[in-house]
$ cat final-v7.txt   # compact mmCIF, C-alpha atoms
# COMPACT_ATOMS: atom_id res chain seq x y z
CA ALA A 1 0.00 0.00 0.00
CA GLN A 2 1.11 3.52 -0.68
CA SER A 3 2.46 5.50 2.24
CA VAL A 4 4.22 8.74 2.94
CA THR A 5 6.60 9.43 5.81
CA GLN A 6 7.73 12.83 6.99
CA PRO A 7 10.38 12.10 9.58
CA ASP A 8 10.48 15.57 11.12
CA ILE A 9 7.50 16.72 13.18
CA HIS A 10 8.86 20.25 13.40
CA ILE A 11 11.86 22.21 12.17
CA THR A 12 13.18 25.62 13.20
CA VAL A 13 15.14 27.68 10.70
CA SER A 14 16.56 31.18 10.91
CA GLU A 15 15.18 33.71 8.48
CA GLY A 16 17.38 33.82 5.39
CA ALA A 17 18.76 30.32 5.96
CA SER A 18 18.13 27.42 3.60
CA LEU A 19 15.43 24.82 4.22
CA GLU A 20 15.02 21.15 3.44
CA LEU A 21 11.95 19.16 4.49
CA ARG A 22 12.14 15.42 4.11
CA CYS A 23 9.59 13.09 2.57
CA ASN A 24 9.86 9.37 1.91
CA TYR A 25 7.24 7.43 0.01
CA SER A 26 6.29 3.86 -0.59
CA TYR A 27 4.72 3.23 -3.97
CA GLY A 28 4.66 0.34 -6.39
CA ALA A 29 5.27 2.31 -9.57
CA THR A 30 6.48 5.74 -10.57
CA PRO A 31 4.49 7.91 -8.26
CA TYR A 32 2.73 11.17 -8.56
CA LEU A 33 3.98 13.28 -5.66
CA PHE A 34 2.81 16.54 -4.18
CA TRP A 35 3.79 19.07 -1.55
CA TYR A 36 1.13 21.19 0.14
CA VAL A 37 1.39 24.02 2.66
CA GLN A 38 -1.13 24.92 5.33
CA SER A 39 -1.17 28.19 7.22
CA PRO A 40 -2.90 28.24 10.62
CA GLY A 41 -6.68 27.96 10.35
CA GLN A 42 -6.57 27.57 6.59
CA GLY A 43 -6.89 24.85 4.01
CA LEU A 44 -3.97 23.34 2.15
CA GLN A 45 -2.36 24.99 -0.84
CA LEU A 46 -0.55 23.06 -3.55
CA LEU A 47 3.12 24.06 -3.69
CA LEU A 48 4.35 21.75 -6.41
CA LYS A 49 3.86 18.37 -8.01
CA TYR A 50 5.87 15.68 -9.74
CA PHE A 51 4.55 13.10 -12.14
CA SER A 52 7.24 12.53 -14.74
CA GLY A 53 10.18 14.10 -16.49
CA ASP A 54 12.67 16.30 -14.72
CA THR A 55 13.40 15.13 -11.22
CA LEU A 56 13.83 18.70 -9.97
CA VAL A 57 10.47 20.39 -9.79
CA GLN A 58 9.89 24.09 -9.32
CA GLY A 59 6.89 25.34 -7.41
CA ILE A 60 5.33 28.49 -6.10
CA LYS A 61 6.80 30.81 -3.47
CA GLY A 62 10.36 29.90 -4.44
CA PHE A 63 10.11 26.24 -3.40
CA GLU A 64 11.55 23.29 -5.27
CA ALA A 65 11.62 19.54 -4.71
CA GLU A 66 13.80 16.75 -5.99
CA PHE A 67 12.52 13.27 -6.77
CA LYS A 68 15.07 10.55 -6.03
CA ARG A 69 13.80 7.13 -7.00
CA SER A 70 16.81 5.31 -5.50
CA GLN A 71 16.08 6.82 -2.10
CA SER A 72 12.27 6.88 -2.43
CA SER A 73 12.44 10.52 -1.45
CA PHE A 74 10.85 13.76 -2.53
CA ASN A 75 12.44 16.45 -0.37
CA LEU A 76 11.25 20.05 -0.41
CA ARG A 77 13.83 22.84 -0.46
CA LYS A 78 14.04 26.60 -0.38
CA PRO A 79 17.32 28.54 -0.62
CA SER A 80 16.32 31.39 1.70
CA VAL A 81 13.42 31.18 4.14
CA HIS A 82 11.17 34.14 4.87
CA TRP A 83 9.19 34.63 8.06
CA SER A 84 6.00 34.19 6.04
CA ASP A 85 7.03 30.60 5.23
CA ALA A 86 6.19 29.54 8.78
CA ALA A 87 3.42 26.97 8.30
CA GLU A 88 2.84 23.23 8.16
CA TYR A 89 3.99 21.31 5.12
CA PHE A 90 2.52 18.07 3.85
CA CYS A 91 3.92 15.58 1.38
CA ALA A 92 1.27 13.54 -0.43
CA VAL A 93 0.81 10.71 -2.90
CA PRO A 94 -2.39 9.66 -4.71
CA SER A 95 -3.64 6.22 -3.75
CA LYS A 96 -6.04 3.66 -5.11
CA GLY A 97 -9.65 4.42 -4.42
CA PHE A 98 -9.63 8.00 -5.63
CA LYS A 99 -7.93 9.35 -2.53
CA THR A 100 -4.65 10.92 -1.56
CA ILE A 101 -2.41 9.80 1.27
CA PHE A 102 -0.89 12.66 3.24
CA GLY A 103 2.14 12.56 5.46
CA ALA A 104 1.80 13.61 9.08
CA GLY A 105 3.18 17.03 8.26
CA THR A 106 6.23 19.05 9.27
CA ARG A 107 5.67 22.30 11.10
CA LEU A 108 8.18 24.97 10.14
CA PHE A 109 9.14 27.67 12.63
CA VAL A 110 11.15 30.65 11.40
CA LYS A 111 13.20 32.63 13.88
CA ALA A 112 14.33 36.18 13.33
CA LYS B 1 -11.92 32.53 -10.70
CA ALA B 2 -13.51 31.74 -7.35
CA GLY B 3 -11.84 29.15 -5.20
CA VAL B 4 -13.38 26.32 -3.23
CA THR B 5 -15.99 27.68 -0.86
CA GLN B 6 -16.88 25.92 2.35
CA THR B 7 -19.67 26.97 4.65
CA PRO B 8 -19.93 27.55 7.47
CA ARG B 9 -16.38 28.33 8.62
CA TYR B 10 -17.10 27.53 12.25
CA LEU B 11 -19.68 25.42 14.01
CA ILE B 12 -20.32 24.51 17.62
CA LYS B 13 -22.68 21.61 18.17
CA THR B 14 -23.80 19.52 21.10
CA ARG B 15 -23.27 15.77 21.35
CA GLY B 16 -26.08 13.87 19.71
CA GLN B 17 -26.95 16.62 17.25
CA GLN B 18 -26.38 16.40 13.53
CA VAL B 19 -24.57 18.77 11.21
CA THR B 20 -24.41 19.50 7.48
CA LEU B 21 -21.37 21.04 5.85
CA SER B 22 -21.35 22.49 2.37
CA CYS B 23 -18.71 22.76 -0.32
CA SER B 24 -18.81 24.55 -3.67
CA PRO B 25 -15.90 23.46 -5.89
CA ILE B 26 -14.10 25.50 -8.47
CA SER B 27 -16.23 25.97 -11.55
CA GLY B 28 -15.63 23.08 -13.93
CA HIS B 29 -14.19 20.77 -11.29
CA ARG B 30 -16.26 17.59 -11.11
CA SER B 31 -14.34 15.72 -8.43
CA VAL B 32 -14.95 16.70 -4.82
CA SER B 33 -13.21 15.04 -1.90
CA TRP B 34 -13.62 15.48 1.83
CA TYR B 35 -10.96 15.08 4.50
CA GLN B 36 -11.06 15.24 8.27
CA GLN B 37 -8.05 16.83 9.93
CA THR B 38 -7.27 16.34 13.61
CA PRO B 39 -4.04 16.84 15.58
CA GLY B 40 -3.86 13.17 16.46
CA GLN B 41 -4.83 11.51 13.20
CA GLY B 42 -3.75 14.09 10.64
CA LEU B 43 -5.60 14.17 7.33
CA GLN B 44 -8.02 11.30 6.94
CA PHE B 45 -9.97 10.62 3.75
CA LEU B 46 -13.74 10.73 4.12
CA PHE B 47 -15.32 10.54 0.65
CA GLU B 48 -14.77 11.24 -3.01
CA TYR B 49 -17.51 12.21 -5.44
CA PHE B 50 -17.42 12.48 -9.19
CA SER B 51 -20.44 13.42 -11.27
CA GLU B 52 -22.82 12.83 -8.35
CA THR B 53 -21.43 9.36 -7.64
CA GLN B 54 -19.61 8.43 -4.46
CA ARG B 55 -16.67 6.43 -5.68
CA ASN B 56 -15.05 5.77 -2.36
CA LYS B 57 -15.58 6.25 1.33
CA GLY B 58 -12.92 6.18 3.98
CA ASN B 59 -12.91 4.20 7.17
CA PHE B 60 -15.57 6.19 9.00
CA PRO B 61 -18.80 5.03 10.61
CA GLY B 62 -22.14 5.25 8.88
CA ARG B 63 -22.90 8.44 10.80
CA PHE B 64 -20.80 10.17 8.17
CA SER B 65 -22.54 10.58 4.85
CA GLY B 66 -22.43 12.87 1.87
CA ARG B 67 -23.71 13.65 -1.55
CA GLN B 68 -22.94 15.63 -4.64
CA PHE B 69 -25.40 17.61 -6.69
CA SER B 70 -25.62 18.05 -10.44
CA ASN B 71 -23.78 21.39 -10.20
CA SER B 72 -20.90 19.57 -8.43
CA ARG B 73 -21.63 21.19 -5.09
CA SER B 74 -21.27 18.72 -2.27
CA GLU B 75 -22.55 18.32 1.26
CA MET B 76 -21.48 16.06 4.05
CA ASN B 77 -23.58 15.17 7.04
CA VAL B 78 -22.61 13.84 10.42
CA SER B 79 -25.40 12.50 12.59
CA THR B 80 -25.38 11.76 16.30
CA LEU B 81 -22.30 13.85 16.89
CA GLU B 82 -19.61 12.63 19.27
CA LEU B 83 -16.87 14.62 20.97
CA GLY B 84 -14.33 12.88 18.76
CA ASP B 85 -15.92 14.38 15.67
CA SER B 86 -14.42 17.74 16.57
CA ALA B 87 -12.08 18.51 13.69
CA LEU B 88 -11.33 20.66 10.70
CA TYR B 89 -13.28 19.32 7.74
CA LEU B 90 -11.66 20.10 4.44
CA CYS B 91 -13.18 19.97 1.01
CA ALA B 92 -10.96 19.63 -2.04
CA SER B 93 -11.85 19.86 -5.68
CA SER B 94 -9.99 18.57 -8.67
CA LEU B 95 -10.29 18.98 -12.40
CA VAL B 96 -9.67 15.29 -12.95
CA SER B 97 -10.25 12.18 -10.94
CA TRP B 98 -8.64 12.25 -7.47
CA GLY B 99 -6.20 14.96 -8.35
CA GLN B 100 -3.95 12.78 -10.40
CA GLY B 101 -1.51 14.97 -12.28
CA HIS B 102 -3.17 18.13 -11.04
CA GLY B 103 -3.54 17.92 -7.29
CA TYR B 104 -6.28 19.36 -5.19
CA THR B 105 -7.55 22.85 -4.58
CA PHE B 106 -8.69 23.02 -0.99
CA GLY B 107 -11.25 25.17 0.71
CA SER B 108 -10.49 26.92 3.99
CA GLY B 109 -12.35 24.25 5.89
CA THR B 110 -15.13 24.08 8.44
CA ARG B 111 -14.00 23.97 12.06
CA LEU B 112 -16.48 21.77 13.94
CA THR B 113 -16.45 21.74 17.70
CA VAL B 114 -18.65 19.24 19.52
CA VAL B 115 -19.37 20.01 23.17
$ encode --input "final-v7.txt" --output "structure tokens"
Amino acid sequence: AQSVTQPDIHITVSEGASLELRCNYSYGATPYLFWYVQSPGQGLQLLLKYFSGDTLVQGIKGFEAEFKRSQSSFNLRKPSVHWSDAAEYFCAVPSKGFKTIFGAGTRLFVKA
Amino acid sequence: KAGVTQTPRYLIKTRGQQVTLSCSPISGHRSVSWYQQTPGQGLQFLFEYFSETQRNKGNFPGRFSGRQFSNSRSEMNVSTLELGDSALYLCASSLVSWGQGHGYTFGSGTRLTVV
């Protein structure tokens, strides 16, 4: 069965520093993969998606993610974090039965 | 264009009551999915609808039900509310089946508190 693991429950990064959020997936074939962001009290917003082609995917708000099949990973990165990036981030993979499996989420704290 | 609209944003209900939540997807989106989000369980799949047909339901009791109308708007209903039903209920619409290749557009959610 498909699954998604986000090993880090929370991460604290200084403003202006680089960011990497980890995601590992379990999937039988080449997966579709997504990253979403959720600000407090809001719904989720799609940051980026991978379904084929280039393994480095560019998204909104300056985020990118790299698909590594050998490591079953799809890590999210940003070169320079802004205070407004503080939120919760979810990695996700579509699953059988017309649903999507979400990771547990990683909460990002940004310190001044 | 307008995003996914969920109403109401907040609800407080008493145990044993029932509640109906509404979701209007993005115009042209025919797939509507519902998720329950809680601190302990994260995002849990409730239902998916496509062209008025429920194609899948998650592992929730029969107290949870839903439907989709011909204009793609969807409602979900929870009867005999329990304290554990307190959660953020998120609606997501997709242009194609279950977001494959496109992903979801989410509404802001309905925060349900059962007291």
$ closest_residue --input "final-v7.txt" --among "A:Phe74, A:Tyr50, A:Phe63, A:Trp83" --to "chain B" --atoms "only C-alpha atoms"
A:Tyr50
$ closest_residue --input "final-v7.txt" --among "B:Tyr35, B:Leu11, B:Ser79, B:Gln54" --to "Gly43 in chain A" --atoms "only C-alpha atoms"
B:Tyr35
$ closest_residue --input "final-v7.txt" --among "A:Pro79, A:Phe90, A:Gly41, A:Ala17" --to "Phe102 in chain A" --atoms "all atoms listed in the file"
A:Phe90
$ interface_residues --input "final-v7.txt" --of "chain B" --to "chain A" --cutoff "6 Å" --atoms "all atoms listed in the file" --output "list in words"
Gly42, Asn56, Trp98, Phe106, Gly107, Ser108 and Gly109 of chain B
$ closest_residue --input "final-v7.txt" --among "B:Lys13, B:Arg111, B:His29, B:His102" --to "Leu81 in chain B" --atoms "all atoms listed in the file"
B:Lys13
$ residues_around --input "final-v7.txt" --residues "Tyr27 in chain A" --least-positions-apart "4" --cutoff "8 Å" --atoms "only C-alpha atoms" --output "list in words"
Ala1, Gln2, Ser3 and Pro31 of chain A
$ closest_residue --input "final-v7.txt" --among "A:Thr55, A:Glu15, A:Glu88, A:His82" --to "Ser70 in chain A" --atoms "only C-alpha atoms"
A:Thr55
$ atom_distance --input "final-v7.txt" --atom1 "CA of Trp34 in chain B" --atom2 "CA of Tyr89 in chain B"
7.1 Å
$ closest_residue --input "final-v7.txt" --among "B:Gly103, B:Leu83, B:Leu88, B:Val96" --to "Arg15 in chain B" --atoms "only C-alpha atoms"
B:Leu83
$ residues_around --input "final-v7.txt" --residues "range 48-53 of chain B" --least-positions-apart "6" --cutoff "7 Å" --atoms "all atoms listed in the file" --output "PDB file with C-alpha atoms, in the frame of the given file"
ATOM      1  CA  PHE A  98      -9.630   8.000  -5.630  1.00  0.00           C
TER       2      PHE A  98
ATOM      3  CA  ARG B  30     -16.260  17.590 -11.110  1.00  0.00           C
ATOM      4  CA  SER B  31     -14.340  15.720  -8.430  1.00  0.00           C
ATOM      5  CA  VAL B  32     -14.950  16.700  -4.820  1.00  0.00           C
ATOM      6  CA  SER B  33     -13.210  15.040  -1.900  1.00  0.00           C
ATOM      7  CA  TRP B  34     -13.620  15.480   1.830  1.00  0.00           C
ATOM      8  CA  ARG B  67     -23.710  13.650  -1.550  1.00  0.00           C
ATOM      9  CA  GLN B  68     -22.940  15.630  -4.640  1.00  0.00           C
ATOM     10  CA  PHE B  69     -25.400  17.610  -6.690  1.00  0.00           C
ATOM     11  CA  SER B  70     -25.620  18.050 -10.440  1.00  0.00           C
ATOM     12  CA  SER B  72     -20.900  19.570  -8.430  1.00  0.00           C
TER      13      SER B  72
END
$ residues_around --input "final-v7.txt" --residues "Gln36 in chain B" --least-positions-apart "4" --cutoff "12 Å" --atoms "all atoms listed in the file" --output "ChimeraX atom specification"
/A:43,102 /B:40-47,58-60,64,76,78,84-92,109-112
$ atom_distance --input "final-v7.txt" --atom1 "CA of Leu56 in chain A" --atom2 "CA of Lys78 in chain A"
12.4 Å
$ atom_distance --input "final-v7.txt" --atom1 "CA of Pro61 in chain B" --atom2 "CA of Val4 in chain B"
26.0 Å
$ build_atoms --input "final-v7.txt" --residues "range 5-16 of chain B" --atoms "all heavy atoms" --output "mmCIF file, in the coordinates of the input"
data_model
loop_
_atom_site.group_PDB
_atom_site.id
_atom_site.type_symbol
_atom_site.label_atom_id
_atom_site.label_comp_id
_atom_site.auth_asym_id
_atom_site.auth_seq_id
_atom_site.Cartn_x
_atom_site.Cartn_y
_atom_site.Cartn_z
ATOM 1 N N THR B 5 -15.294 27.000 -1.939
ATOM 2 C CA THR B 5 -15.990 27.680 -0.860
ATOM 3 C C THR B 5 -16.632 26.685 0.082
ATOM 4 O O THR B 5 -17.426 25.832 -0.344
ATOM 5 C CB THR B 5 -17.087 28.610 -1.423
ATOM 6 O OG1 THR B 5 -16.492 29.544 -2.334
ATOM 7 C CG2 THR B 5 -17.765 29.381 -0.297
ATOM 8 N N GLN B 6 -16.281 26.785 1.344
ATOM 9 C CA GLN B 6 -16.880 25.920 2.350
ATOM 10 C C GLN B 6 -17.663 26.761 3.341
ATOM 11 O O GLN B 6 -17.183 27.801 3.795
ATOM 12 C CB GLN B 6 -15.797 25.143 3.118
ATOM 13 C CG GLN B 6 -15.134 24.067 2.282
ATOM 14 C CD GLN B 6 -14.257 23.172 3.134
ATOM 15 O OE1 GLN B 6 -13.042 23.172 2.994
ATOM 16 N NE2 GLN B 6 -14.895 22.388 4.008
ATOM 17 N N THR B 7 -18.843 26.299 3.654
ATOM 18 C CA THR B 7 -19.670 26.970 4.650
ATOM 19 C C THR B 7 -20.279 25.963 5.595
ATOM 20 O O THR B 7 -20.574 24.823 5.191
ATOM 21 C CB THR B 7 -20.810 27.773 3.979
ATOM 22 O OG1 THR B 7 -21.582 26.905 3.154
ATOM 23 C CG2 THR B 7 -20.261 28.923 3.150
ATOM 24 N N PRO B 8 -20.474 26.334 6.861
ATOM 25 C CA PRO B 8 -19.930 27.550 7.470
ATOM 26 C C PRO B 8 -18.449 27.394 7.796
ATOM 27 O O PRO B 8 -17.889 26.307 7.636
ATOM 28 C CB PRO B 8 -20.760 27.660 8.752
ATOM 29 C CG PRO B 8 -21.024 26.230 9.118
ATOM 30 C CD PRO B 8 -21.199 25.490 7.821
ATOM 31 N N ARG B 9 -17.790 28.438 8.229
ATOM 32 C CA ARG B 9 -16.380 28.330 8.620
ATOM 33 C C ARG B 9 -16.234 27.718 10.005
ATOM 34 O O ARG B 9 -15.284 26.981 10.260
ATOM 35 C CB ARG B 9 -15.713 29.707 8.610
ATOM 36 C CG ARG B 9 -15.410 30.275 7.246
ATOM 37 C CD ARG B 9 -14.364 29.422 6.490
ATOM 38 N NE ARG B 9 -13.167 29.113 7.269
ATOM 39 C CZ ARG B 9 -12.105 29.898 7.362
ATOM 40 N NH1 ARG B 9 -12.092 31.065 6.778
ATOM 41 N NH2 ARG B 9 -11.043 29.507 8.077
ATOM 42 N N TYR B 10 -17.158 28.030 10.873
ATOM 43 C CA TYR B 10 -17.100 27.530 12.250
ATOM 44 C C TYR B 10 -18.479 27.046 12.682
ATOM 45 O O TYR B 10 -19.493 27.626 12.307
ATOM 46 C CB TYR B 10 -16.628 28.633 13.214
ATOM 47 C CG TYR B 10 -15.283 29.214 12.863
ATOM 48 C CD1 TYR B 10 -15.187 30.350 12.072
ATOM 49 C CD2 TYR B 10 -14.109 28.606 13.296
ATOM 50 C CE1 TYR B 10 -13.955 30.874 11.733
ATOM 51 C CE2 TYR B 10 -12.869 29.125 12.966
ATOM 52 C CZ TYR B 10 -12.803 30.257 12.177
ATOM 53 O OH TYR B 10 -11.567 30.779 11.841
ATOM 54 N N LEU B 11 -18.454 25.992 13.474
ATOM 55 C CA LEU B 11 -19.680 25.420 14.010
ATOM 56 C C LEU B 11 -19.422 24.894 15.404
ATOM 57 O O LEU B 11 -18.413 24.237 15.632
ATOM 58 C CB LEU B 11 -20.147 24.243 13.150
ATOM 59 C CG LEU B 11 -21.141 24.456 12.018
ATOM 60 C CD1 LEU B 11 -21.391 23.134 11.314
ATOM 61 C CD2 LEU B 11 -22.443 25.043 12.538
ATOM 62 N N ILE B 12 -20.350 25.147 16.299
ATOM 63 C CA ILE B 12 -20.320 24.510 17.620
ATOM 64 C C ILE B 12 -21.625 23.759 17.769
ATOM 65 O O ILE B 12 -22.707 24.339 17.626
ATOM 66 C CB ILE B 12 -20.157 25.544 18.744
ATOM 67 C CG1 ILE B 12 -18.849 26.311 18.568
ATOM 68 C CG2 ILE B 12 -20.196 24.850 20.106
ATOM 69 C CD1 ILE B 12 -18.641 27.415 19.594
ATOM 70 N N LYS B 13 -21.513 22.470 18.031
ATOM 71 C CA LYS B 13 -22.680 21.610 18.170
ATOM 72 C C LYS B 13 -22.580 20.815 19.466
ATOM 73 O O LYS B 13 -21.496 20.644 20.039
ATOM 74 C CB LYS B 13 -22.775 20.643 16.987
ATOM 75 C CG LYS B 13 -23.140 21.306 15.669
ATOM 76 C CD LYS B 13 -24.593 21.700 15.644
ATOM 77 C CE LYS B 13 -25.019 22.171 14.276
ATOM 78 N NZ LYS B 13 -26.472 22.527 14.267
ATOM 79 N N THR B 14 -23.714 20.328 19.884
ATOM 80 C CA THR B 14 -23.800 19.520 21.100
ATOM 81 C C THR B 14 -23.811 18.039 20.720
ATOM 82 O O THR B 14 -24.330 17.665 19.659
ATOM 83 C CB THR B 14 -25.070 19.879 21.883
ATOM 84 O OG1 THR B 14 -25.056 21.281 22.154
ATOM 85 C CG2 THR B 14 -25.163 19.103 23.185
ATOM 86 N N ARG B 15 -23.243 17.225 21.581
ATOM 87 C CA ARG B 15 -23.270 15.770 21.350
ATOM 88 C C ARG B 15 -24.684 15.299 21.050
ATOM 89 O O ARG B 15 -25.646 15.724 21.690
ATOM 90 C CB ARG B 15 -22.770 15.039 22.595
ATOM 91 C CG ARG B 15 -21.276 14.892 22.666
ATOM 92 C CD ARG B 15 -20.869 14.148 23.925
ATOM 93 N NE ARG B 15 -21.298 14.839 25.138
ATOM 94 C CZ ARG B 15 -21.170 14.337 26.354
ATOM 95 N NH1 ARG B 15 -20.664 13.136 26.526
ATOM 96 N NH2 ARG B 15 -21.569 15.030 27.400
ATOM 97 N N GLY B 16 -24.787 14.423 20.081
ATOM 98 C CA GLY B 16 -26.080 13.870 19.710
ATOM 99 C C GLY B 16 -26.770 14.624 18.574
ATOM 100 O O GLY B 16 -27.671 14.077 17.925
#
